[in-house]
file data.txt (compact mmCIF, C-alpha atoms and all ligand atoms)
# COMPACT_ATOMS: atom_id res chain seq x y z
CA LEU U 978 -11.21 -0.74 39.38
CA LEU U 979 -14.09 -2.62 40.99
CA LEU U 980 -15.79 -3.95 37.91
CA ALA U 981 -12.63 -4.74 35.98
CA ALA U 982 -11.44 -7.48 38.35
CA VAL U 983 -12.57 -10.47 36.26
CA ALA U 984 -14.07 -11.17 32.87
CA PRO U 985 -17.86 -11.56 32.78
CA ALA U 986 -19.16 -14.99 33.80
CA LEU U 987 -19.89 -17.23 30.82
CA PRO U 988 -23.64 -17.73 30.54
CA GLY U 989 -24.77 -20.85 32.38
CA LEU U 990 -21.38 -21.67 33.90
CA ALA U 991 -19.98 -21.19 37.39
CA GLN U 992 -16.84 -19.11 37.51
CA ALA U 993 -14.08 -18.90 40.15
CA LEU U 994 -13.38 -15.34 41.27
CA PRO U 995 -9.91 -14.14 42.33
CA ALA U 996 -9.58 -14.15 46.14
CA ALA U 997 -9.98 -10.62 47.45
CA GLY U 998 -10.10 -8.75 50.74
CA ASN U 999 -13.14 -6.63 51.45
CA PRO U 1000 -15.26 -6.20 49.44
CA ILE U 1001 -15.11 -9.92 48.70
CA ILE U 1002 -17.16 -9.66 45.47
CA ARG U 1003 -15.63 -7.24 42.99
CA ASN U 1004 -16.97 -8.14 39.57
CA LYS U 1005 -20.53 -6.93 40.28
CA TYR U 1006 -22.18 -4.65 42.80
CA THR U 1007 -23.86 -6.83 45.40
CA ALA U 1008 -26.18 -5.95 48.31
CA ASP U 1009 -28.30 -7.40 51.10
CA PRO U 1010 -26.23 -10.55 51.65
CA ALA U 1011 -27.74 -13.73 53.05
CA ALA U 1012 -25.59 -16.76 53.75
CA LEU U 1013 -26.48 -20.45 53.96
CA VAL U 1014 -24.15 -23.12 55.32
CA HIS U 1015 -24.86 -26.45 53.64
CA ASN U 1016 -22.72 -29.59 53.35
CA GLY U 1017 -19.41 -27.86 54.10
CA THR U 1018 -20.04 -24.97 51.72
CA VAL U 1019 -21.19 -21.41 52.29
CA TYR U 1020 -23.69 -20.12 49.75
CA LEU U 1021 -23.87 -16.35 49.56
CA TYR U 1022 -27.02 -14.85 48.06
CA ALA U 1023 -27.17 -11.15 47.25
CA GLY U 1024 -29.18 -8.63 45.32
CA HIS U 1025 -27.54 -7.18 42.21
CA ASP U 1026 -27.17 -3.38 42.31
CA GLU U 1027 -27.38 -2.32 38.66
CA ALA U 1028 -27.94 1.46 38.88
CA PRO U 1029 -25.38 3.14 36.63
CA ALA U 1030 -23.36 5.90 38.29
CA PRO U 1031 -24.30 8.51 39.28
CA GLU U 1032 -27.97 7.44 39.64
CA GLN U 1033 -29.19 7.59 43.23
CA ARG U 1034 -31.92 4.92 43.18
CA TYR U 1035 -32.11 1.17 43.48
CA VAL U 1036 -32.06 -0.70 40.18
CA MET U 1037 -32.31 -4.38 41.12
CA HIS U 1038 -33.78 -7.09 38.87
CA GLU U 1039 -32.07 -10.31 39.91
CA TRP U 1040 -30.35 -12.11 42.75
CA LEU U 1041 -26.83 -13.53 42.57
CA CYS U 1042 -25.30 -16.62 44.14
CA TYR U 1043 -21.70 -17.32 45.15
CA SER U 1044 -20.24 -20.30 46.99
CA SER U 1045 -17.10 -20.86 49.00
CA PRO U 1046 -15.41 -23.75 50.84
CA ASP U 1047 -13.38 -21.38 53.04
CA MET U 1048 -14.85 -17.82 53.06
CA VAL U 1049 -11.80 -16.69 51.05
CA THR U 1050 -12.20 -18.10 47.55
CA TRP U 1051 -15.58 -17.61 45.88
CA THR U 1052 -17.26 -19.10 42.84
CA GLU U 1053 -19.98 -17.18 41.06
CA HIS U 1054 -22.93 -19.25 39.87
CA PRO U 1055 -25.34 -18.19 37.12
CA SER U 1056 -28.09 -16.01 38.61
CA PRO U 1057 -30.54 -18.54 40.13
CA LEU U 1058 -33.49 -16.18 40.50
CA ASN U 1059 -34.83 -13.16 38.63
CA VAL U 1060 -37.74 -11.03 39.73
CA LYS U 1061 -39.51 -12.19 36.56
CA ALA U 1062 -39.85 -15.65 38.19
CA PHE U 1063 -42.58 -14.07 40.35
CA ALA U 1064 -45.22 -13.40 37.68
CA TRP U 1065 -47.25 -11.29 40.16
CA ALA U 1066 -44.31 -8.99 40.91
CA LYS U 1067 -43.41 -5.79 39.10
CA ASP U 1068 -39.69 -5.37 39.86
CA ASP U 1069 -37.18 -4.78 42.67
CA ALA U 1070 -35.13 -7.81 43.67
CA TRP U 1071 -34.59 -6.60 47.22
CA ALA U 1072 -33.34 -8.46 50.28
CA SER U 1073 -33.79 -12.21 50.61
CA GLN U 1074 -32.72 -15.38 52.40
CA VAL U 1075 -32.48 -19.07 51.45
CA ILE U 1076 -33.02 -21.98 53.86
CA ALA U 1077 -32.79 -25.76 53.40
CA ARG U 1078 -35.57 -28.14 54.44
CA ASN U 1079 -36.29 -31.76 53.49
CA GLY U 1080 -33.88 -31.77 50.55
CA LYS U 1081 -35.29 -28.55 49.07
CA PHE U 1082 -34.16 -24.95 49.23
CA TYR U 1083 -36.66 -22.15 49.91
CA TRP U 1084 -35.82 -18.60 48.90
CA TYR U 1085 -37.79 -15.79 50.58
CA ALA U 1086 -37.47 -12.54 48.68
CA ALA U 1087 -38.87 -9.01 48.81
CA VAL U 1088 -40.17 -7.49 45.56
CA GLU U 1089 -42.51 -4.75 44.37
CA HIS U 1090 -46.00 -6.21 43.95
CA GLY U 1091 -47.61 -5.72 40.56
CA ALA U 1092 -51.19 -5.27 41.78
CA VAL U 1093 -51.18 -4.48 45.52
CA PRO U 1094 -49.47 -1.16 46.32
CA GLY U 1095 -46.07 -1.61 47.91
CA LYS U 1096 -43.57 -4.33 48.60
CA ALA U 1097 -44.38 -7.99 49.14
CA ILE U 1098 -42.53 -11.20 50.00
CA GLY U 1099 -42.50 -14.22 47.70
CA VAL U 1100 -41.02 -17.68 48.11
CA ALA U 1101 -39.22 -19.67 45.44
CA VAL U 1102 -38.08 -23.29 45.61
CA SER U 1103 -35.33 -25.42 44.11
CA ASP U 1104 -33.75 -28.86 44.52
CA SER U 1105 -30.29 -27.24 44.55
CA PRO U 1106 -28.81 -24.31 46.52
CA THR U 1107 -27.58 -22.88 43.23
CA GLY U 1108 -30.96 -23.18 41.55
CA PRO U 1109 -32.65 -22.60 39.27
CA PHE U 1110 -35.47 -21.50 41.59
CA LYS U 1111 -39.13 -21.19 40.62
CA ASP U 1112 -42.04 -19.46 42.34
CA ALA U 1113 -43.37 -21.89 44.96
CA ARG U 1114 -46.86 -20.36 45.27
CA GLY U 1115 -47.79 -18.26 42.25
CA THR U 1116 -48.88 -15.53 44.68
CA ALA U 1117 -47.14 -13.44 47.33
CA LEU U 1118 -46.60 -15.02 50.74
CA VAL U 1119 -46.87 -11.65 52.52
CA THR U 1120 -48.50 -8.57 50.99
CA ASN U 1121 -49.39 -5.11 52.12
CA ASP U 1122 -52.68 -5.41 54.04
CA MET U 1123 -53.08 -1.61 54.03
CA THR U 1124 -53.56 -1.53 57.81
CA THR U 1125 -50.20 -1.77 59.58
CA VAL U 1126 -47.28 0.56 59.01
CA ALA U 1127 -48.24 0.17 55.38
CA LYS U 1128 -48.98 3.78 54.70
CA ILE U 1129 -45.30 3.82 53.71
CA PHE U 1130 -45.86 0.73 51.54
CA TRP U 1131 -42.52 -0.91 52.15
CA ASP U 1132 -42.87 -2.57 55.53
CA ASP U 1133 -43.10 -6.03 53.93
CA ILE U 1134 -39.40 -6.32 53.06
CA ASP U 1135 -36.21 -7.96 54.28
CA PRO U 1136 -37.35 -11.51 55.09
CA THR U 1137 -35.22 -13.72 57.33
CA VAL U 1138 -36.11 -17.35 58.03
CA ILE U 1139 -35.12 -19.84 60.70
CA ILE U 1140 -36.13 -23.33 61.89
CA ASP U 1141 -36.04 -23.95 65.66
CA LYS U 1142 -35.00 -27.13 67.46
CA THR U 1143 -38.53 -28.53 67.33
CA GLY U 1144 -38.71 -28.08 63.55
CA GLN U 1145 -40.98 -25.03 63.68
CA ALA U 1146 -40.05 -22.52 60.97
CA TYR U 1147 -40.46 -18.78 61.46
CA LEU U 1148 -40.34 -15.88 59.03
CA PHE U 1149 -39.29 -12.45 60.32
CA TRP U 1150 -39.33 -9.28 58.22
CA GLY U 1151 -40.06 -5.58 58.28
CA ASN U 1152 -39.29 -1.93 57.83
CA SER U 1153 -40.20 0.55 60.60
CA ALA U 1154 -41.83 -2.36 62.44
CA CYS U 1155 -40.43 -5.86 62.87
CA TYR U 1156 -42.89 -8.68 62.21
CA TYR U 1157 -42.80 -12.45 62.50
CA ALA U 1158 -45.09 -15.37 61.76
CA LYS U 1159 -44.85 -19.13 61.89
CA LEU U 1160 -44.50 -21.04 58.62
CA LYS U 1161 -46.28 -24.30 57.89
CA PRO U 1162 -44.03 -27.36 57.39
CA ASN U 1163 -44.44 -26.90 53.63
CA MET U 1164 -42.52 -23.58 54.06
CA THR U 1165 -44.81 -21.85 51.58
CA GLU U 1166 -47.70 -20.74 53.83
CA LEU U 1167 -47.92 -18.66 56.99
CA ASP U 1168 -49.24 -20.59 59.98
CA GLY U 1169 -51.14 -18.22 62.26
CA PRO U 1170 -51.22 -14.48 62.82
CA ILE U 1171 -48.52 -11.94 62.07
CA GLN U 1172 -46.97 -10.64 65.31
CA THR U 1173 -45.08 -7.40 65.89
CA ILE U 1174 -41.86 -7.26 67.96
CA LYS U 1175 -40.95 -4.14 69.92
CA LEU U 1176 -37.30 -3.29 69.30
CA PRO U 1177 -35.57 0.03 69.97
CA ALA U 1178 -35.17 2.18 66.82
CA PHE U 1179 -35.88 -0.66 64.39
CA THR U 1180 -35.31 0.45 60.78
CA GLU U 1181 -35.19 -2.78 58.72
CA ALA U 1182 -33.03 -5.78 57.81
CA PRO U 1183 -33.79 -8.30 60.59
CA TRP U 1184 -31.57 -11.38 60.62
CA VAL U 1185 -32.27 -14.19 63.07
CA HIS U 1186 -29.66 -16.80 63.96
CA GLN U 1187 -28.87 -19.18 66.79
CA HIS U 1188 -25.58 -19.80 68.57
CA ASN U 1189 -24.88 -21.83 71.72
CA GLY U 1190 -28.47 -21.96 72.93
CA TRP U 1191 -29.30 -18.30 72.28
CA TYR U 1192 -31.35 -16.75 69.50
CA TYR U 1193 -30.15 -13.44 68.12
CA LEU U 1194 -32.23 -10.87 66.26
CA SER U 1195 -29.92 -8.35 64.63
CA TYR U 1196 -31.34 -5.43 62.66
CA ALA U 1197 -30.57 -2.09 61.04
CA THR U 1198 -31.15 0.87 63.34
CA GLY U 1199 -31.27 4.59 62.49
CA PHE U 1200 -30.49 6.00 59.06
CA PRO U 1201 -27.74 5.92 57.85
CA GLU U 1202 -27.87 2.49 59.40
CA LYS U 1203 -25.92 0.82 62.16
CA ILE U 1204 -26.65 -2.77 63.14
CA ALA U 1205 -28.10 -3.44 66.61
CA TYR U 1206 -29.20 -6.71 68.17
CA ALA U 1207 -31.33 -8.39 70.80
CA MET U 1208 -31.14 -11.86 72.37
CA SER U 1209 -33.71 -14.38 73.53
CA ARG U 1210 -34.00 -18.02 74.58
CA SER U 1211 -37.09 -18.30 72.36
CA LEU U 1212 -37.90 -17.14 68.84
CA GLU U 1213 -41.21 -15.86 70.22
CA GLY U 1214 -39.32 -13.65 72.71
CA PRO U 1215 -39.05 -11.82 74.96
CA TRP U 1216 -36.17 -10.19 73.10
CA VAL U 1217 -33.65 -8.27 75.23
CA TYR U 1218 -31.87 -5.41 73.49
CA LYS U 1219 -28.06 -5.68 73.68
CA GLY U 1220 -26.83 -2.61 71.81
CA ILE U 1221 -24.89 -1.80 68.65
CA LEU U 1222 -23.12 -4.62 66.82
CA ASN U 1223 -21.78 -2.77 63.78
CA GLU U 1224 -21.13 0.91 63.10
CA LEU U 1225 -22.03 2.83 59.93
CA ALA U 1226 -20.77 1.00 56.84
CA GLY U 1227 -18.76 3.80 55.27
CA ASN U 1228 -20.27 5.38 52.19
CA SER U 1229 -23.52 3.36 52.15
CA ASN U 1230 -26.65 4.41 53.99
CA THR U 1231 -27.53 0.75 54.46
CA ASN U 1232 -25.51 -2.01 56.00
CA HIS U 1233 -27.71 -5.16 55.82
CA GLN U 1234 -26.12 -8.09 57.66
CA ALA U 1235 -26.10 -11.86 57.77
CA ILE U 1236 -24.46 -13.88 60.55
CA ILE U 1237 -23.23 -17.47 60.30
CA ASP U 1238 -21.01 -20.04 62.00
CA PHE U 1239 -18.82 -21.97 59.59
CA LYS U 1240 -16.03 -24.45 60.26
CA GLY U 1241 -15.54 -23.27 63.87
CA LYS U 1242 -15.60 -19.53 63.20
CA SER U 1243 -18.33 -16.91 63.20
CA TYR U 1244 -18.77 -14.38 60.42
CA PHE U 1245 -20.54 -11.06 59.97
CA VAL U 1246 -21.50 -10.56 56.31
CA TYR U 1247 -22.75 -7.12 55.21
CA HIS U 1248 -22.47 -4.56 52.46
CA ASN U 1249 -20.76 -1.20 52.23
CA GLY U 1250 -20.43 1.34 49.44
CA GLY U 1251 -17.61 -0.45 47.70
CA VAL U 1252 -14.04 0.55 47.04
CA ASN U 1253 -14.18 3.01 44.21
CA THR U 1254 -15.70 6.39 43.53
CA ASP U 1255 -18.65 4.88 41.64
CA GLY U 1256 -19.84 3.01 44.74
CA GLY U 1257 -22.18 4.25 47.45
CA SER U 1258 -25.72 3.58 48.65
CA PHE U 1259 -26.95 2.29 45.27
CA ARG U 1260 -23.80 0.47 44.10
CA ARG U 1261 -22.99 -1.60 47.13
CA SER U 1262 -20.50 -4.39 47.75
CA VAL U 1263 -20.63 -7.42 50.03
CA CYS U 1264 -17.98 -7.70 52.75
CA VAL U 1265 -17.15 -10.28 55.43
CA ASP U 1266 -15.55 -9.80 58.83
CA ASN U 1267 -14.97 -12.01 61.83
CA LEU U 1268 -17.56 -12.06 64.60
CA PHE U 1269 -16.68 -12.89 68.21
CA TYR U 1270 -18.90 -13.79 71.15
CA ASN U 1271 -18.35 -12.99 74.82
CA LYS U 1272 -18.67 -15.73 77.47
CA ASP U 1273 -22.16 -14.50 78.40
CA GLY U 1274 -23.33 -14.96 74.80
CA THR U 1275 -23.31 -11.28 73.85
CA MET U 1276 -21.52 -10.37 70.63
CA LYS U 1277 -18.45 -8.16 70.46
CA ARG U 1278 -18.74 -5.10 68.24
CA VAL U 1279 -17.65 -5.95 64.69
CA VAL U 1280 -14.35 -4.52 63.48
CA MET U 1281 -14.85 -3.75 59.78
CA THR U 1282 -11.77 -4.32 57.65
CA SER U 1283 -10.85 -3.35 54.13
CA GLU U 1284 -8.33 -6.07 53.42
O1 LIG V 1301 -31.60 -3.31 48.75
C1 LIG V 1301 -32.81 -2.65 48.97
C2 LIG V 1301 -32.98 -2.32 50.43
O2 LIG V 1301 -31.84 -1.62 50.93
C3 LIG V 1301 -33.08 -3.50 51.37
O3 LIG V 1301 -34.35 -4.09 51.39
C4 LIG V 1301 -32.71 -2.89 52.67
O4 LIG V 1301 -32.38 -3.80 53.68
C5 LIG V 1301 -31.54 -2.01 52.26
O5 LIG V 1301 -30.34 -2.71 52.26

call {"tool": "encode", "arguments": {"input": "data.txt", "output": "structure tokens"}}
result
Amino acid sequence: LLLAAVAPALPGLAQALPAAGNPIIRNKYTADPAALVHNGTVYLYAGHDEAPAPEQRYVMHEWLCYSSPDMVTWTEHPSPLNVKAFAWAKDDAWASQVIARNGKFYWYAAVEHGAVPGKAIGVAVSDSPTGPFKDARGTALVTNDMTTVAKIFWDDIDPTVIIDKTGQAYLFWGNSACYYAKLKPNMTELDGPIQTIKLPAFTEAPWVHQHNGWYYLSYATGFPEKIAYAMSRSLEGPWVYKGILNELAGNSNTNHQAIIDFKGKSYFVYHNGGVNTDGGSFRRSVCVDNLFYNKDGTMKRVVMTSE
């Protein structure tokens, strides 16, 4: 059912997908959504879950890109980034996020490093939100330094990026511990030390966004994962924990969220285990639901829908 919704995209061409309720993308398994609002369009970036059923492991080699003028109808673009673009990486096109700056688009992505044990974060750049993107450094931006939580070798994953009102860019990331560091204006180098943020029961998947003068740091908590969040007036904290934002995402152990404002509404973008029996933790599907704020700036718990 899931994969039969549309014919395969023609190589090199964008293709309109039929409008669908959740999951919104039905022609491929998609995970770890990140969303970028740019010039009246939402760009949705996601990892491509390619593990054949019933394999219970991540098989992810490329990232996918979709765009929408209304959060209902989606166009699939040719894959703008493959893990092979990072010559120093071995595999694993894990979670990522794209941000615009000075007419360019910077894509921060977690991969398996080819030489240093464990995961690492690279950055790719393009003149267009739909790519193609190329490695902006030729080396990893963040690698396992073998001293932090790195005995598990995958704490350098799940990058999220934001630019504050002064123009200072920050990269947040982590698994088991949440880290952040400033980025230089060129967006391709860290600027200063890596800091650790104390958050209750942080698992992974930080996403930082701003709304009405507040910064929000949402993240996966526990395992199977729920999404929790904290708020602050500053990206350097202190962060105040505010509780659970989203419950378990059905038949997927992970839940990985992105949060955006678009055309006067707020959206919670995440993945679940899809709609058919072949889905689950390693064949995930991106979903979107409405997000609502309370008057004091806190977020109402998300109501996940399947339509
Ligand atoms: O997709 C691989 C990993 O699963 C991501 O890095 C995590 O956030 C989880 O969604």

call {"tool": "closest_residue", "arguments": {"input": "data.txt", "among": "U:Ile1221, U:Ile1174, U:Cys1042, U:Ile1134", "to": "Pro1055 in chain U", "atoms": "all atoms listed in the file"}}
result
U:Cys1042

call {"tool": "closest_residue", "arguments": {"input": "data.txt", "among": "U:Met1208, U:Cys1264, U:Ala1092, U:Ala1197", "to": "ligand LIG 1301 (chain V)", "atoms": "all atoms listed in the file"}}
result
U:Ala1197

call {"tool": "residues_near_ligand", "arguments": {"input": "data.txt", "ligand": "ligand LIG 1301 (chain V)", "cutoff": "6 Å", "atoms": "all atoms listed in the file", "output": "list in words"}}
result
Asp1009, Trp1071, Ala1072, Ile1134, Asp1135, Glu1181, Ala1182, Thr1231 and His1233 of chain U

call {"tool": "write_last_selection", "arguments": {"input": "data.txt", "atoms": "C-alpha atoms", "output": "PDB file, keeping the file's coordinate frame"}}
result
ATOM      1  CA  ASP U1009     -28.300  -7.400  51.100  1.00  0.00           C
ATOM      2  CA  TRP U1071     -34.590  -6.600  47.220  1.00  0.00           C
ATOM      3  CA  ALA U1072     -33.340  -8.460  50.280  1.00  0.00           C
ATOM      4  CA  ILE U1134     -39.400  -6.320  53.060  1.00  0.00           C
ATOM      5  CA  ASP U1135     -36.210  -7.960  54.280  1.00  0.00           C
ATOM      6  CA  GLU U1181     -35.190  -2.780  58.720  1.00  0.00           C
ATOM      7  CA  ALA U1182     -33.030  -5.780  57.810  1.00  0.00           C
ATOM      8  CA  THR U1231     -27.530   0.750  54.460  1.00  0.00           C
ATOM      9  CA  HIS U1233     -27.710  -5.160  55.820  1.00  0.00           C
TER      10      HIS U1233
END

call {"tool": "residues_near_point", "arguments": {"input": "data.txt", "point": "(-35.1, -21.2, 61.5)", "cutoff": "10 Å", "atoms": "all atoms listed in the file", "output": "ChimeraX atom specification"}}
result
/U:1076-1078,1137-1149,1159-1160,1185-1187,1192,1212

call {"tool": "closest_residue", "arguments": {"input": "data.txt", "among": "U:Ser1153, U:Ser1262, U:Thr1120, U:Asn1228", "to": "Lys1005 in chain U", "atoms": "all atoms listed in the file"}}
result
U:Ser1262

call {"tool": "atom_distance", "arguments": {"input": "data.txt", "atom1": "CA of Asp1122 in chain U", "atom2": "CA of Ala1023 in chain U"}}
result
27.0 Å

call {"tool": "residues_around", "arguments": {"input": "data.txt", "residues": "range 1247-1259 of chain U", "least_positions_apart": "2", "cutoff": "7 Å", "atoms": "all atoms listed in the file", "output": "list of chain:residue names"}}
result
U:Leu978, U:Leu979, U:Pro1000, U:Ala1008, U:Asp1009, U:Pro1010, U:Asp1026, U:Ala1028, U:Ala1030, U:Gln1033, U:Arg1034, U:Tyr1035, U:Ala1226, U:Gly1227, U:Asn1228, U:Ser1229, U:Asn1230, U:Thr1231, U:Asn1232, U:His1233, U:Gln1234, U:Ala1235, U:Phe1245, U:Arg1261, U:Ser1262, U:Val1263, U:Cys1264, U:Val1265

call {"tool": "write_last_selection", "arguments": {"input": "data.txt", "atoms": "C-alpha atoms", "output": "PDB file, in the coordinates of the input"}}
result
ATOM      1  CA  LEU U 978     -11.210  -0.740  39.380  1.00  0.00           C
ATOM      2  CA  LEU U 979     -14.090  -2.620  40.990  1.00  0.00           C
ATOM      3  CA  PRO U1000     -15.260  -6.200  49.440  1.00  0.00           C
ATOM      4  CA  ALA U1008     -26.180  -5.950  48.310  1.00  0.00           C
ATOM      5  CA  ASP U1009     -28.300  -7.400  51.100  1.00  0.00           C
ATOM      6  CA  PRO U1010     -26.230 -10.550  51.650  1.00  0.00           C
ATOM      7  CA  ASP U1026     -27.170  -3.380  42.310  1.00  0.00           C
ATOM      8  CA  ALA U1028     -27.940   1.460  38.880  1.00  0.00           C
ATOM      9  CA  ALA U1030     -23.360   5.900  38.290  1.00  0.00           C
ATOM     10  CA  GLN U1033     -29.190   7.590  43.230  1.00  0.00           C
ATOM     11  CA  ARG U1034     -31.920   4.920  43.180  1.00  0.00           C
ATOM     12  CA  TYR U1035     -32.110   1.170  43.480  1.00  0.00           C
ATOM     13  CA  ALA U1226     -20.770   1.000  56.840  1.00  0.00           C
ATOM     14  CA  GLY U1227     -18.760   3.800  55.270  1.00  0.00           C
ATOM     15  CA  ASN U1228     -20.270   5.380  52.190  1.00  0.00           C
ATOM     16  CA  SER U1229     -23.520   3.360  52.150  1.00  0.00           C
ATOM     17  CA  ASN U1230     -26.650   4.410  53.990  1.00  0.00           C
ATOM     18  CA  THR U1231     -27.530   0.750  54.460  1.00  0.00           C
ATOM     19  CA  ASN U1232     -25.510  -2.010  56.000  1.00  0.00           C
ATOM     20  CA  HIS U1233     -27.710  -5.160  55.820  1.00  0.00           C
ATOM     21  CA  GLN U1234     -26.120  -8.090  57.660  1.00  0.00           C
ATOM     22  CA  ALA U1235     -26.100 -11.860  57.770  1.00  0.00           C
ATOM     23  CA  PHE U1245     -20.540 -11.060  59.970  1.00  0.00           C
ATOM     24  CA  ARG U1261     -22.990  -1.600  47.130  1.00  0.00           C
ATOM     25  CA  SER U1262     -20.500  -4.390  47.750  1.00  0.00           C
ATOM     26  CA  VAL U1263     -20.630  -7.420  50.030  1.00  0.00           C
ATOM     27  CA  CYS U1264     -17.980  -7.700  52.750  1.00  0.00           C
ATOM     28  CA  VAL U1265     -17.150 -10.280  55.430  1.00  0.00           C
TER      29      VAL U1265
END

call {"tool": "closest_residue", "arguments": {"input": "data.txt", "among": "U:Val1280, U:Lys1240, U:Leu1268, U:Ser1044", "to": "Leu1225 in chain U", "atoms": "only C-alpha atoms"}}
result
U:Val1280

call {"tool": "residues_around", "arguments": {"input": "data.txt", "residues": "Gly1241 in chain U", "least_positions_apart": "5", "cutoff": "12 Å", "atoms": "only C-alpha atoms", "output": "MDAnalysis selection string"}}
result
chainID U and resid 1017 1047 1188 1267:1269

call {"tool": "atom_distance", "arguments": {"input": "data.txt", "atom1": "CA of Phe1082 in chain U", "atom2": "CA of Phe1179 in chain U"}}
result
28.7 Å

call {"tool": "decode", "arguments": {"input": "data.txt", "residues": "range 1016-1029 of chain U", "atoms": "N, CA and C atoms", "output": "PDB file, in the first residue's frame"}}
result
ATOM      1  N   ASN U1016      11.152  31.781   1.213  1.00  0.00           N
ATOM      2  CA  ASN U1016      10.421  32.418   0.111  1.00  0.00           C
ATOM      3  C   ASN U1016       9.052  31.792  -0.137  1.00  0.00           C
ATOM      4  N   GLY U1017       8.256  31.645   0.930  1.00  0.00           N
ATOM      5  CA  GLY U1017       6.888  31.163   0.773  1.00  0.00           C
ATOM      6  C   GLY U1017       6.744  29.683   0.486  1.00  0.00           C
ATOM      7  N   THR U1018       7.832  28.947   0.635  1.00  0.00           N
ATOM      8  CA  THR U1018       7.797  27.496   0.385  1.00  0.00           C
ATOM      9  C   THR U1018       8.398  26.784   1.584  1.00  0.00           C
ATOM     10  N   VAL U1019       7.839  25.627   1.909  1.00  0.00           N
ATOM     11  CA  VAL U1019       8.460  24.763   2.918  1.00  0.00           C
ATOM     12  C   VAL U1019       9.264  23.695   2.196  1.00  0.00           C
ATOM     13  N   TYR U1020      10.518  23.573   2.569  1.00  0.00           N
ATOM     14  CA  TYR U1020      11.366  22.481   2.074  1.00  0.00           C
ATOM     15  C   TYR U1020      11.505  21.463   3.186  1.00  0.00           C
ATOM     16  N   LEU U1021      11.159  20.236   2.873  1.00  0.00           N
ATOM     17  CA  LEU U1021      11.239  19.143   3.838  1.00  0.00           C
ATOM     18  C   LEU U1021      12.419  18.254   3.439  1.00  0.00           C
ATOM     19  N   TYR U1022      13.351  18.086   4.354  1.00  0.00           N
ATOM     20  CA  TYR U1022      14.515  17.227   4.121  1.00  0.00           C
ATOM     21  C   TYR U1022      14.376  16.014   5.034  1.00  0.00           C
ATOM     22  N   ALA U1023      14.685  14.841   4.515  1.00  0.00           N
ATOM     23  CA  ALA U1023      14.514  13.629   5.325  1.00  0.00           C
ATOM     24  C   ALA U1023      15.535  12.586   4.904  1.00  0.00           C
ATOM     25  N   GLY U1024      15.891  11.727   5.835  1.00  0.00           N
ATOM     26  CA  GLY U1024      16.687  10.570   5.485  1.00  0.00           C
ATOM     27  C   GLY U1024      15.804   9.540   4.782  1.00  0.00           C
ATOM     28  N   HIS U1025      16.434   8.685   3.987  1.00  0.00           N
ATOM     29  CA  HIS U1025      15.707   7.681   3.214  1.00  0.00           C
ATOM     30  C   HIS U1025      15.937   6.314   3.854  1.00  0.00           C
ATOM     31  N   ASP U1026      14.894   5.778   4.488  1.00  0.00           N
ATOM     32  CA  ASP U1026      14.985   4.438   5.088  1.00  0.00           C
ATOM     33  C   ASP U1026      14.868   3.398   3.984  1.00  0.00           C
ATOM     34  N   GLU U1027      15.946   2.640   3.762  1.00  0.00           N
ATOM     35  CA  GLU U1027      15.957   1.693   2.643  1.00  0.00           C
ATOM     36  C   GLU U1027      16.089   0.244   3.079  1.00  0.00           C
ATOM     37  N   ALA U1028      15.986  -0.043   4.387  1.00  0.00           N
ATOM     38  CA  ALA U1028      16.112  -1.434   4.843  1.00  0.00           C
ATOM     39  C   ALA U1028      14.920  -2.238   4.346  1.00  0.00           C
ATOM     40  N   PRO U1029      15.162  -3.318   3.608  1.00  0.00           N
ATOM     41  CA  PRO U1029      14.014  -4.130   3.176  1.00  0.00           C
ATOM     42  C   PRO U1029      13.397  -4.856   4.371  1.00  0.00           C
TER      43      PRO U1029
END
